[in-house]
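Report on one structure; see the data block that follows.
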Amino acid sequence: QVQLVESGGGLVQTGGSLRLACVASGSVFSIDAMGWYRQAPGKQREFVARITSGGSISYVGSVKGRFTISRDNAKNTVYLQMNSLKPEDTAVYYCNGQAGYRGYWGQGTQVTVSS
């Protein structure tokens with residue numbers, strides 16, 4: 001089992017920055033990749049960014065150049081640095097951990113970008 005806890009959400013103005021953190025605990029050795037997803041009101045959850053155990057990184061096109069995913073293996077933590085935030089980035093952001101065929105989710109953290 002893997003437990004994921006997000007933090008760092010909040011309210012920010014357009015153009016501002018936030019850094020989200022996701023701390024993993026439990027069977028962290030089994031995690032192949034960790035990532036971030038988001039879900040805006042009335043919309044489906046969508047992929048935002050992902051980093052594998054080998055260091056491969058991918059982003060959804062709408063955040064490329066603005067968001068940066070990184071990890072601190074010593075702290076079992078993955079970060080999402082979000083710069084140049086836009087109102088359309090407003091959503092609940094969820095941390096995801098993939099361990100083989102199993103996926104784990106955090107409880108989510110709200111990010112609100114005011115115009």
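By order of appearance in the structure tokens: chains A, B, ..., then residues from 1 within every chain, and ligands from 1 in the order shown.
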
For Ile69 in chain A, list every protein, DNA or RNA residue within 9 Å, evaluated using only C-alpha atoms, and leave out those in the same chain fewer than 5 positions away; present the list as a ChimeraX atom specification.
/A:35-36,49-51,57-59,78-82

Restricting the output to C-alpha atoms, write the selected residues as a short mmCIF file (atom, residue, chain, number, x, y, z; two decimals), in the first residue's frame.
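This went into result.cif:
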data_model
loop_
_atom_site.label_atom_id
_atom_site.label_comp_id
_atom_site.auth_asym_id
_atom_site.auth_seq_id
_atom_site.Cartn_x
_atom_site.Cartn_y
_atom_site.Cartn_z
CA GLY A 35 2.43 12.45 -11.23
CA TRP A 36 -0.11 15.20 -10.89
CA ALA A 49 2.71 16.03 -15.27
CA ARG A 50 4.57 12.82 -14.52
CA ILE A 51 8.03 11.74 -13.46
CA ILE A 57 9.30 13.65 -17.36
CA SER A 58 6.20 14.51 -19.33
CA TYR A 59 3.66 17.35 -19.25
CA VAL A 78 7.30 15.00 -5.53
CA TYR A 79 6.83 18.68 -6.23
CA LEU A 80 4.93 20.65 -8.83
CA GLN A 81 6.22 24.18 -9.26
CA MET A 82 3.54 26.22 -10.99
#

Strand (DSSP E) per DSSP on the backbone: members of chain A, as a PyMOL selection string:
chain A and resi 2-7+10-13+18-26+33-39+46-52+57-59+67-72+77-82+91-99+102-105+109-114

For Met34 in chain A, which residue among A:Gln107, A:Asn73, A:Thr14, A:Ser53 is the nearest when counting only C-alpha atoms?
A:Ser53

Which residue gives the smallest distance to Ser84 in chain A among A:Gly26, A:Gly65, A:Gly55, A:Pro41, with only C-alpha atoms counted?
A:Gly65

At a cut-off of 9 Å, using only C-alpha atoms, what residues contact Gly54 in chain A? Leave out same-chain residues fewer than 2 positions from it and give the result as a PDB file with all heavy atoms, in the first residue's frame.
ATOM      1  N   ASP A  32       6.648   3.168  -9.448  1.00  0.00           N
ATOM      2  CA  ASP A  32       7.332   3.302 -10.731  1.00  0.00           C
ATOM      3  C   ASP A  32       7.333   4.742 -11.231  1.00  0.00           C
ATOM      4  O   ASP A  32       8.275   5.181 -11.895  1.00  0.00           O
ATOM      5  CB  ASP A  32       6.645   2.429 -11.790  1.00  0.00           C
ATOM      6  CG  ASP A  32       6.578   0.979 -11.382  1.00  0.00           C
ATOM      7  OD1 ASP A  32       7.633   0.438 -10.978  1.00  0.00           O
ATOM      8  OD2 ASP A  32       5.487   0.385 -11.461  1.00  0.00           O
ATOM      9  N   ALA A  33       6.256   5.442 -10.949  1.00  0.00           N
ATOM     10  CA  ALA A  33       6.127   6.821 -11.435  1.00  0.00           C
ATOM     11  C   ALA A  33       5.168   7.572 -10.522  1.00  0.00           C
ATOM     12  O   ALA A  33       4.284   6.977  -9.900  1.00  0.00           O
ATOM     13  CB  ALA A  33       5.597   6.851 -12.864  1.00  0.00           C
ATOM     14  N   ILE A  51       6.608  12.023 -13.521  1.00  0.00           N
ATOM     15  CA  ILE A  51       8.029  11.740 -13.464  1.00  0.00           C
ATOM     16  C   ILE A  51       8.189  10.281 -13.071  1.00  0.00           C
ATOM     17  O   ILE A  51       7.578   9.800 -12.117  1.00  0.00           O
ATOM     18  CB  ILE A  51       8.763  12.687 -12.482  1.00  0.00           C
ATOM     19  CG1 ILE A  51      10.264  12.433 -12.502  1.00  0.00           C
ATOM     20  CG2 ILE A  51       8.200  12.583 -11.062  1.00  0.00           C
ATOM     21  CD1 ILE A  51      11.075  13.534 -11.803  1.00  0.00           C
ATOM     22  N   THR A  52       9.005   9.556 -13.833  1.00  0.00           N
ATOM     23  CA  THR A  52       9.196   8.142 -13.563  1.00  0.00           C
ATOM     24  C   THR A  52      10.377   7.920 -12.617  1.00  0.00           C
ATOM     25  O   THR A  52      11.176   8.836 -12.366  1.00  0.00           O
ATOM     26  CB  THR A  52       9.441   7.371 -14.861  1.00  0.00           C
ATOM     27  OG1 THR A  52      10.746   7.723 -15.367  1.00  0.00           O
ATOM     28  CG2 THR A  52       8.387   7.691 -15.907  1.00  0.00           C
ATOM     29  N   SER A  56      12.320  10.127 -16.291  1.00  0.00           N
ATOM     30  CA  SER A  56      11.623  10.651 -17.465  1.00  0.00           C
ATOM     31  C   SER A  56      10.468  11.531 -17.030  1.00  0.00           C
ATOM     32  O   SER A  56       9.743  11.199 -16.100  1.00  0.00           O
ATOM     33  CB  SER A  56      11.097   9.504 -18.324  1.00  0.00           C
ATOM     34  OG  SER A  56      12.158   8.742 -18.843  1.00  0.00           O
TER      35      SER A  56
END

Proximity to Ser25 in chain A - best of A:Ala74, A:Ala99, A:Val111, A:Leu4, only C-alpha atoms
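Of A:Ala74, A:Ala99, A:Val111, A:Leu4, the one nearest Ser25 in chain A, counting only C-alpha atoms, is A:Leu4.
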
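Closest approach to Tyr101 in chain A among A:Val5, A:Val23, A:Val48, A:Ile31 is made by A:Ile31 (distances from only C-alpha atoms).
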
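For the set A:Ala24, A:Gly15, A:Gly97, A:Gly8, the residue with the smallest atom-to-atom gap to Asp72 in chain A is A:Ala24, counting only C-alpha atoms.
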
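Secondary structure by DSSP on the backbone puts the following residues of chain A in helix (DSSP H, G or I): A:Val28, A:Phe29, A:Ser30, A:Gly61, A:Ser62, A:Val63, A:Asn73, A:Ala74, A:Lys75, A:Pro87, A:Glu88, A:Asp89.
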
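In this structure, CA of Leu20 in chain A sits 16.7 Å away from CA of Val60 in chain A.
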
Calculate how many Å separate CA of Ser7 in chain A from CA of Ala21 in chain A, rounding to one decimal.
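About the pair CA of Ser7 in chain A and CA of Ala21 in chain A: they are 5.3 Å apart.
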
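For the set A:Gln44, A:Glu88, A:Thr77, A:Cys22, the residue with the smallest atom-to-atom gap to Val63 in chain A is A:Glu88, counting only C-alpha atoms.
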
If we count only C-alpha atoms and set the cut-off at 9 Å, which residues sit around Ser30 in chain A, ignoring sequence neighbours fewer than 5 positions away in its own chain? Please answer as a count of residues only.
5
